[in-house]
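So the structure is just underneath, and the comments pick up after that.
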Amino acid sequence: MKRFMALILVFLFAFTLFAGCNDKTADGTGTSGSKDSAQRVVDFAKEGFSVVRTGGDEKMSALASGIFKAVKENTGERLSNVDDTTEVNPKGEIIIGATSRPQSEKAKQMIWEHGTGRANEYIIAFIDGSIVINAMSDDALNAAVSHFIETYCRECKFDTSTVDVHKDTENYTDITLSGVNIGKYKIVMPRYNVSYLVSSEAEKLHDTLLQKTGYSLDIIRDDSAASEYEIIIDKANRDGVADSLSKTDYELRPDGSRLYVSGGKNYSTAVAVQKLTAMVGTASGELISSAVKESCSESAAVLDGYKLKWTDEFDTLDRSFWFIKEGEEDKKFHDWYGMRPYRSSTADNLYTNDGKLYLRATYDDKYFYGSMINTKNSLNFTYGYMEISARIPDGDGIWSDFWTWSNEQDHMEIDIAECWSGGSYYVNYLHEFLKGPDGKYLDITPAHSFVTKYGSFAERPGSLTEEYKANYDNSMNKEYHSIGAIWDEEKVVCVRDGEVTFTYTYKGTNNEHLYKIPHYIMLSMLVGSNQLNKTPEQIRSDGSSILNPLLDADYWSDERACFIIDYVQIFQKDGWYMNFAGKH
């Protein structure tokens, strides 16, 4: 009798194990027991679930709309379609992607438990009262939503015991870092002042890892919460980041669950990321077990073949190289506080300190004075990647710019970073100039130019006087920023802090010839520009940090009124034109 009972218990135990395993289909999907204790079938249409996704993301909005439309077409019910800033719907939610809801992260962990965590895997499961659709990549999330619509939105019913996982069965190379699967890591970069050279190499690192291992590592900024496993690039805000490397030195330094990848300058950091990408390409097993510290040439190729051809790091200001504009201009601009000039300049407003160039503003009883310098007599070039690291001056009336210009009559101008009426107003602008029959210039600027309010990119308004209220809490005066532009044989691309802000393809346009004319570098900070044509009362109500420069003496004595430049650089590909005159 005891033996018979033992056999029954063994049978029941085996049956339980079998019932808990995934029932895989041909495409790798399956179902298994849920962690929710009360198993039931929910009718998410009739029970009033909400569709929840991240806000401000057009792709996520489109995915949510797809579910909304499918439910409406199949049942006539209209679900709420909201972002994750709304309060949790107690009736239940259909959560899509990486929202702020805790179920999103739980779903990611379940993908690792039921699959491999690779890029094309996704999950649809009932977690803590909500249906959660999440994936390891954008493409996989698209597939997950399509699968949800096709499989569950016909009847709009979902069994809470369901854990529907699409698992990757491809063969990849296994790579570990500090003994941990590389897919567990995130790539961390600075939020501010990271060069586009570095961010481009980081994208290549990401793509190489994806191709080699099947894992799509998240690239996050250092204002995100620290995670357990991180590849930390450049001077990201994390403990242990090196800050004493010389210009051409770089290092790859594993330290516990972190790998630090950094260099003494932007180009050496980019070479460090290149080195790591090359190691990934040949790795099988542990990626790196001990620190690597090497040096590179200043002319090392980065950004698909760009090399540093010229730089000024402002240990001093070479006044024989830079042309410095002098003089007063009686020129009104919207009667800014009754003052007349806005382009008056003086060499006294330029100085260097601690390896940085300062362009400052001053005034007397008649004029305000800014400063403007350029390389028109010393350096001209055609095509290149131009970059500065700088802090933008703040406050009404300050007009700073990093731009390129030409000596030719017909030409184009690249405003790489034109900031006016406060450090929160930011413009990428292209001008095309043709000399008309009356001898005056015609500005035929492409309509594809963009005006940028800090943190967002918006289409160019009808005119520059169209209002954009500055958010002075996000002023570009508070941090250094990497600002640059790529000008090549086909297009102009402007970037800031490693992200593209503007692209214009001129190849094939009627004025393509204007983009083949040599340019020179311009740096300027002018005073008296009320581009928004506001009264002092309006400026005060907008919360400007400066109400009236004439009454705010502290403003003119500290660095808020300074355009501070750490360096200016030009990178070029071999064969592109660059001409030095004079002693250089």
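Naming works like this for the structure tokens: A, B, ... for the chains as they're shown, residue 1 at the start of each chain, ligands 1 onward in shown order.
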Please report, as a Markdown table, each residue of region 147-213 of chain A lying at most 12 Å from region 271-281 of chain A, together with the nearest pair of atoms and the separation in Å rounded to one decimal; use only C-alpha atoms, and order rows by chain and ascending residue number.
```
| residue | atom | partner | partner_atom | distance |
| --- | --- | --- | --- | --- |
| A:Thr173 | CA | A:Val280 | CA | 10.0 |
| A:Asp174 | CA | A:Val280 | CA | 10.6 |
| A:Ile175 | CA | A:Val280 | CA | 8.2 |
| A:Thr176 | CA | A:Val280 | CA | 10.3 |
| A:Leu177 | CA | A:Val280 | CA | 10.8 |
| A:Ile182 | CA | A:Val280 | CA | 10.3 |
| A:Ile187 | CA | A:Val273 | CA | 11.1 |
| A:Met189 | CA | A:Val273 | CA | 11.6 |
| A:Leu197 | CA | A:Val271 | CA | 9.3 |
| A:Val198 | CA | A:Val273 | CA | 7.4 |
| A:Ser199 | CA | A:Val273 | CA | 9.3 |
| A:Ser200 | CA | A:Val273 | CA | 9.6 |
| A:Glu201 | CA | A:Val273 | CA | 6.0 |
| A:Ala202 | CA | A:Val273 | CA | 6.4 |
| A:Glu203 | CA | A:Val273 | CA | 9.7 |
| A:Lys204 | CA | A:Thr277 | CA | 7.3 |
| A:Leu205 | CA | A:Thr277 | CA | 5.0 |
| A:His206 | CA | A:Thr277 | CA | 8.4 |
| A:Asp207 | CA | A:Thr277 | CA | 9.3 |
| A:Thr208 | CA | A:Thr277 | CA | 6.8 |
| A:Leu209 | CA | A:Val280 | CA | 6.7 |
| A:Leu210 | CA | A:Val280 | CA | 10.3 |
| A:Gln211 | CA | A:Gly281 | CA | 9.3 |
| A:Lys212 | CA | A:Gly281 | CA | 7.1 |
| A:Thr213 | CA | A:Val280 | CA | 9.3 |
```
Save out the residues we just selected, N, CA and C atoms, as a short mmCIF file (atom, residue, chain, number, x, y, z; two decimals), in the first residue's frame.
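The resulting file, again.cif, is reproduced below:
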```
data_model
loop_
_atom_site.label_atom_id
_atom_site.label_comp_id
_atom_site.auth_asym_id
_atom_site.auth_seq_id
_atom_site.Cartn_x
_atom_site.Cartn_y
_atom_site.Cartn_z
N THR A 173 27.67 34.47 -30.36
CA THR A 173 28.88 34.32 -29.54
C THR A 173 28.58 34.78 -28.11
N ASP A 174 28.96 33.97 -27.15
CA ASP A 174 28.77 34.33 -25.75
C ASP A 174 29.96 35.17 -25.29
N ILE A 175 29.68 36.37 -24.80
CA ILE A 175 30.71 37.26 -24.28
C ILE A 175 30.33 37.66 -22.86
N THR A 176 31.32 37.64 -21.98
CA THR A 176 31.08 38.05 -20.59
C THR A 176 31.99 39.22 -20.24
N LEU A 177 31.59 39.95 -19.22
CA LEU A 177 32.38 41.05 -18.68
C LEU A 177 32.32 40.92 -17.17
N ILE A 182 27.25 39.78 -21.12
CA ILE A 182 27.37 41.16 -21.59
C ILE A 182 26.00 41.80 -21.81
N ILE A 187 25.20 50.88 -21.47
CA ILE A 187 26.24 51.84 -21.86
C ILE A 187 25.84 53.20 -21.33
N MET A 189 26.64 57.30 -20.86
CA MET A 189 27.36 58.45 -21.40
C MET A 189 26.93 59.72 -20.68
N LEU A 197 31.77 62.82 -31.76
CA LEU A 197 32.77 61.81 -32.12
C LEU A 197 32.62 60.59 -31.21
N VAL A 198 32.42 60.83 -29.92
CA VAL A 198 32.32 59.75 -28.94
C VAL A 198 30.98 59.04 -29.06
N SER A 199 29.89 59.80 -29.18
CA SER A 199 28.57 59.16 -29.26
C SER A 199 28.45 58.32 -30.52
N SER A 200 29.07 58.74 -31.61
CA SER A 200 29.03 57.94 -32.85
C SER A 200 29.76 56.61 -32.67
N GLU A 201 30.91 56.66 -32.00
CA GLU A 201 31.65 55.41 -31.74
C GLU A 201 30.88 54.52 -30.77
N ALA A 202 30.15 55.12 -29.83
CA ALA A 202 29.34 54.33 -28.90
C ALA A 202 28.22 53.60 -29.64
N GLU A 203 27.64 54.25 -30.63
CA GLU A 203 26.61 53.59 -31.45
C GLU A 203 27.20 52.40 -32.21
N LYS A 204 28.43 52.55 -32.69
CA LYS A 204 29.08 51.44 -33.40
C LYS A 204 29.37 50.29 -32.43
N LEU A 205 29.76 50.62 -31.20
CA LEU A 205 29.95 49.60 -30.18
C LEU A 205 28.65 48.84 -29.94
N HIS A 206 27.57 49.59 -29.80
CA HIS A 206 26.25 48.97 -29.60
C HIS A 206 25.91 48.03 -30.75
N ASP A 207 26.10 48.49 -31.99
CA ASP A 207 25.73 47.69 -33.16
C ASP A 207 26.60 46.45 -33.30
N THR A 208 27.89 46.58 -32.97
CA THR A 208 28.79 45.42 -33.04
C THR A 208 28.40 44.37 -32.01
N LEU A 209 28.07 44.82 -30.80
CA LEU A 209 27.62 43.88 -29.77
C LEU A 209 26.33 43.18 -30.18
N LEU A 210 25.42 43.93 -30.79
CA LEU A 210 24.16 43.35 -31.24
C LEU A 210 24.40 42.27 -32.29
N GLN A 211 25.25 42.57 -33.25
CA GLN A 211 25.52 41.61 -34.32
C GLN A 211 26.25 40.38 -33.79
N LYS A 212 27.16 40.59 -32.85
CA LYS A 212 28.00 39.49 -32.36
C LYS A 212 27.26 38.62 -31.34
N THR A 213 26.52 39.27 -30.44
CA THR A 213 25.95 38.54 -29.31
C THR A 213 24.43 38.43 -29.35
#
```
Next on the checklist: as a ChimeraX atom specification, please: the residues near Ser244 (chain A) (cut-off 10 Å, only C-alpha atoms, same-chain neighbours under 5 positions excluded).
Outcome noted: /A:249,263-264
Selected residues, N, CA and C atoms, written as a PDB file, in the first residue's frame, please.
```pdb
ATOM      1  N   ASP A 249      46.164  60.160 -24.233  1.00  0.00           N
ATOM      2  CA  ASP A 249      46.046  58.883 -23.519  1.00  0.00           C
ATOM      3  C   ASP A 249      44.585  58.452 -23.416  1.00  0.00           C
ATOM      4  N   GLY A 263      39.218  58.940 -22.240  1.00  0.00           N
ATOM      5  CA  GLY A 263      40.441  59.507 -22.794  1.00  0.00           C
ATOM      6  C   GLY A 263      40.635  60.921 -22.296  1.00  0.00           C
ATOM      7  N   GLY A 264      41.825  61.470 -22.574  1.00  0.00           N
ATOM      8  CA  GLY A 264      42.127  62.812 -22.120  1.00  0.00           C
ATOM      9  C   GLY A 264      41.420  63.904 -22.900  1.00  0.00           C
TER      10      GLY A 264
END
```
Next on the checklist: Please extract the residues of region 30-121 of chain A with a backbone DSSP assignment of helix (DSSP H, G or I) and present them as a PyMOL selection string.
Outcome noted: chain A and resi 58-75+102-114
Checklist entry - Got a sec: who's within 6 Å of Arg253 (chain A), counting only C-alpha atoms, leaving out chain neighbours fewer than 5 positions off, as a list in words? => result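 Listing them by chain and then by number gives Leu259, Tyr260 and Ala291 of chain A.
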Keeping C-alpha atoms for every residue in the selection just given, could you write it to a file as a compact mmCIF listing (two decimals), in the first residue's frame?
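So the final result, stored in again-v1.txt, reads:
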```txt
# COMPACT_ATOMS: atom_id res chain seq x y z
CA LEU A 259 34.07 49.05 -17.26
CA TYR A 260 35.45 52.59 -17.63
CA ALA A 291 43.19 47.43 -17.64
```
Next on the checklist: For a test of reading the model, state the distance in Å between CA of Phe321 (chain A) and CA of Tyr480 (chain A), rounded to one decimal.
Outcome noted: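 For CA of Phe321 (chain A) relative to CA of Tyr480 (chain A), the distance reads 25.0 Å.
Considering only C-alpha atoms, the residue among A:Gln409, A:Ser400, A:Ser100, A:Thr352 positioned nearest to Lys440 (chain A) is A:Gln409.
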Checklist entry - Where in region 11-150 of chain A does DSSP assign strand (DSSP E), given as a list in words? => result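 Output for region 11-150 of chain A, strand (DSSP E) only: Val41, Val42, Asp43, Ser50, Val51, Val52, Arg53, Ser80, Asn81, Val82, Asp83, Glu93, Ile94, Ile95, Ile96, Tyr122, Ile123, Ile124, Ala125, Phe126, Ile127, Ser130, Ile131, Val132, Ile133, Asn134 and Ala135 of chain A.
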Item to check | Shell of 10 Å around Arg391 (chain A), only C-alpha atoms, local chain residues under 4 positions omitted, as a ChimeraX atom specification | outcome: /A:193,358,423,475-482,559-560,562-566
Residues from last step as file, N, CA, C and O atoms, as a JSON list (two decimals), in the first residue's frame:
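Result went into selection_35.json, see below:
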```
[["chain", "number", "residue", "atom", "x", "y", "z"],
["A", 193, "ASN", "N", 28.00, 67.78, -22.68],
["A", 193, "ASN", "CA", 29.40, 67.93, -23.06],
["A", 193, "ASN", "C", 30.06, 66.63, -23.49],
["A", 193, "ASN", "O", 31.24, 66.41, -23.24],
["A", 358, "TYR", "N", 37.35, 83.58, -22.80],
["A", 358, "TYR", "CA", 36.18, 84.29, -22.29],
["A", 358, "TYR", "C", 35.85, 85.44, -23.25],
["A", 358, "TYR", "O", 36.71, 86.28, -23.56],
["A", 423, "GLY", "N", 20.19, 81.89, -22.52],
["A", 423, "GLY", "CA", 20.85, 80.62, -22.83],
["A", 423, "GLY", "C", 19.92, 79.47, -23.11],
["A", 423, "GLY", "O", 20.38, 78.37, -23.40],
["A", 475, "SER", "N", 18.91, 76.44, -18.62],
["A", 475, "SER", "CA", 19.81, 77.29, -19.38],
["A", 475, "SER", "C", 21.10, 76.56, -19.73],
["A", 475, "SER", "O", 21.65, 75.81, -18.93],
["A", 476, "MET", "N", 21.59, 76.79, -20.94],
["A", 476, "MET", "CA", 22.86, 76.22, -21.37],
["A", 476, "MET", "C", 24.04, 76.90, -20.68],
["A", 476, "MET", "O", 25.18, 76.57, -20.94],
["A", 477, "ASN", "N", 23.75, 77.86, -19.82],
["A", 477, "ASN", "CA", 24.78, 78.53, -19.04],
["A", 477, "ASN", "C", 25.23, 77.69, -17.85],
["A", 477, "ASN", "O", 26.29, 77.93, -17.28],
["A", 478, "LYS", "N", 24.44, 76.69, -17.47],
["A", 478, "LYS", "CA", 24.73, 75.96, -16.25],
["A", 478, "LYS", "C", 25.76, 74.85, -16.42],
["A", 478, "LYS", "O", 26.35, 74.40, -15.45],
["A", 479, "GLU", "N", 25.94, 74.39, -17.65],
["A", 479, "GLU", "CA", 26.87, 73.31, -17.93],
["A", 479, "GLU", "C", 27.65, 73.64, -19.20],
["A", 479, "GLU", "O", 27.21, 74.43, -20.03],
["A", 480, "TYR", "N", 28.81, 72.99, -19.36],
["A", 480, "TYR", "CA", 29.49, 73.04, -20.65],
["A", 480, "TYR", "C", 28.76, 72.08, -21.60],
["A", 480, "TYR", "O", 28.24, 71.04, -21.19],
["A", 481, "HIS", "N", 28.74, 72.45, -22.87],
["A", 481, "HIS", "CA", 28.07, 71.65, -23.88],
["A", 481, "HIS", "C", 28.99, 71.46, -25.08],
["A", 481, "HIS", "O", 29.72, 72.38, -25.46],
["A", 482, "SER", "N", 28.94, 70.27, -25.64],
["A", 482, "SER", "CA", 29.65, 69.99, -26.88],
["A", 482, "SER", "C", 28.74, 70.33, -28.04],
["A", 482, "SER", "O", 27.63, 69.79, -28.15],
["A", 559, "GLU", "N", 30.16, 85.41, -14.30],
["A", 559, "GLU", "CA", 30.33, 84.69, -15.55],
["A", 559, "GLU", "C", 29.04, 84.43, -16.30],
["A", 559, "GLU", "O", 29.06, 83.86, -17.39],
["A", 560, "ARG", "N", 27.89, 84.85, -15.76],
["A", 560, "ARG", "CA", 26.65, 84.64, -16.49],
["A", 560, "ARG", "C", 26.66, 85.39, -17.82],
["A", 560, "ARG", "O", 26.02, 84.98, -18.78],
["A", 562, "CYS", "N", 29.22, 85.80, -19.77],
["A", 562, "CYS", "CA", 30.40, 85.41, -20.55],
["A", 562, "CYS", "C", 30.10, 84.20, -21.43],
["A", 562, "CYS", "O", 29.42, 83.26, -21.00],
["A", 563, "PHE", "N", 30.60, 84.24, -22.64],
["A", 563, "PHE", "CA", 30.63, 83.10, -23.54],
["A", 563, "PHE", "C", 31.99, 82.44, -23.29],
["A", 563, "PHE", "O", 33.03, 82.99, -23.64],
["A", 564, "ILE", "N", 32.00, 81.26, -22.64],
["A", 564, "ILE", "CA", 33.24, 80.62, -22.20],
["A", 564, "ILE", "C", 33.50, 79.41, -23.09],
["A", 564, "ILE", "O", 32.68, 78.48, -23.14],
["A", 565, "ILE", "N", 34.64, 79.38, -23.76],
["A", 565, "ILE", "CA", 34.95, 78.35, -24.75],
["A", 565, "ILE", "C", 36.19, 77.58, -24.31],
["A", 565, "ILE", "O", 37.26, 78.16, -24.10],
["A", 566, "ASP", "N", 36.04, 76.27, -24.16],
["A", 566, "ASP", "CA", 37.14, 75.41, -23.73],
["A", 566, "ASP", "C", 38.08, 75.11, -24.89],
["A", 566, "ASP", "O", 39.31, 75.12, -24.74]]
```
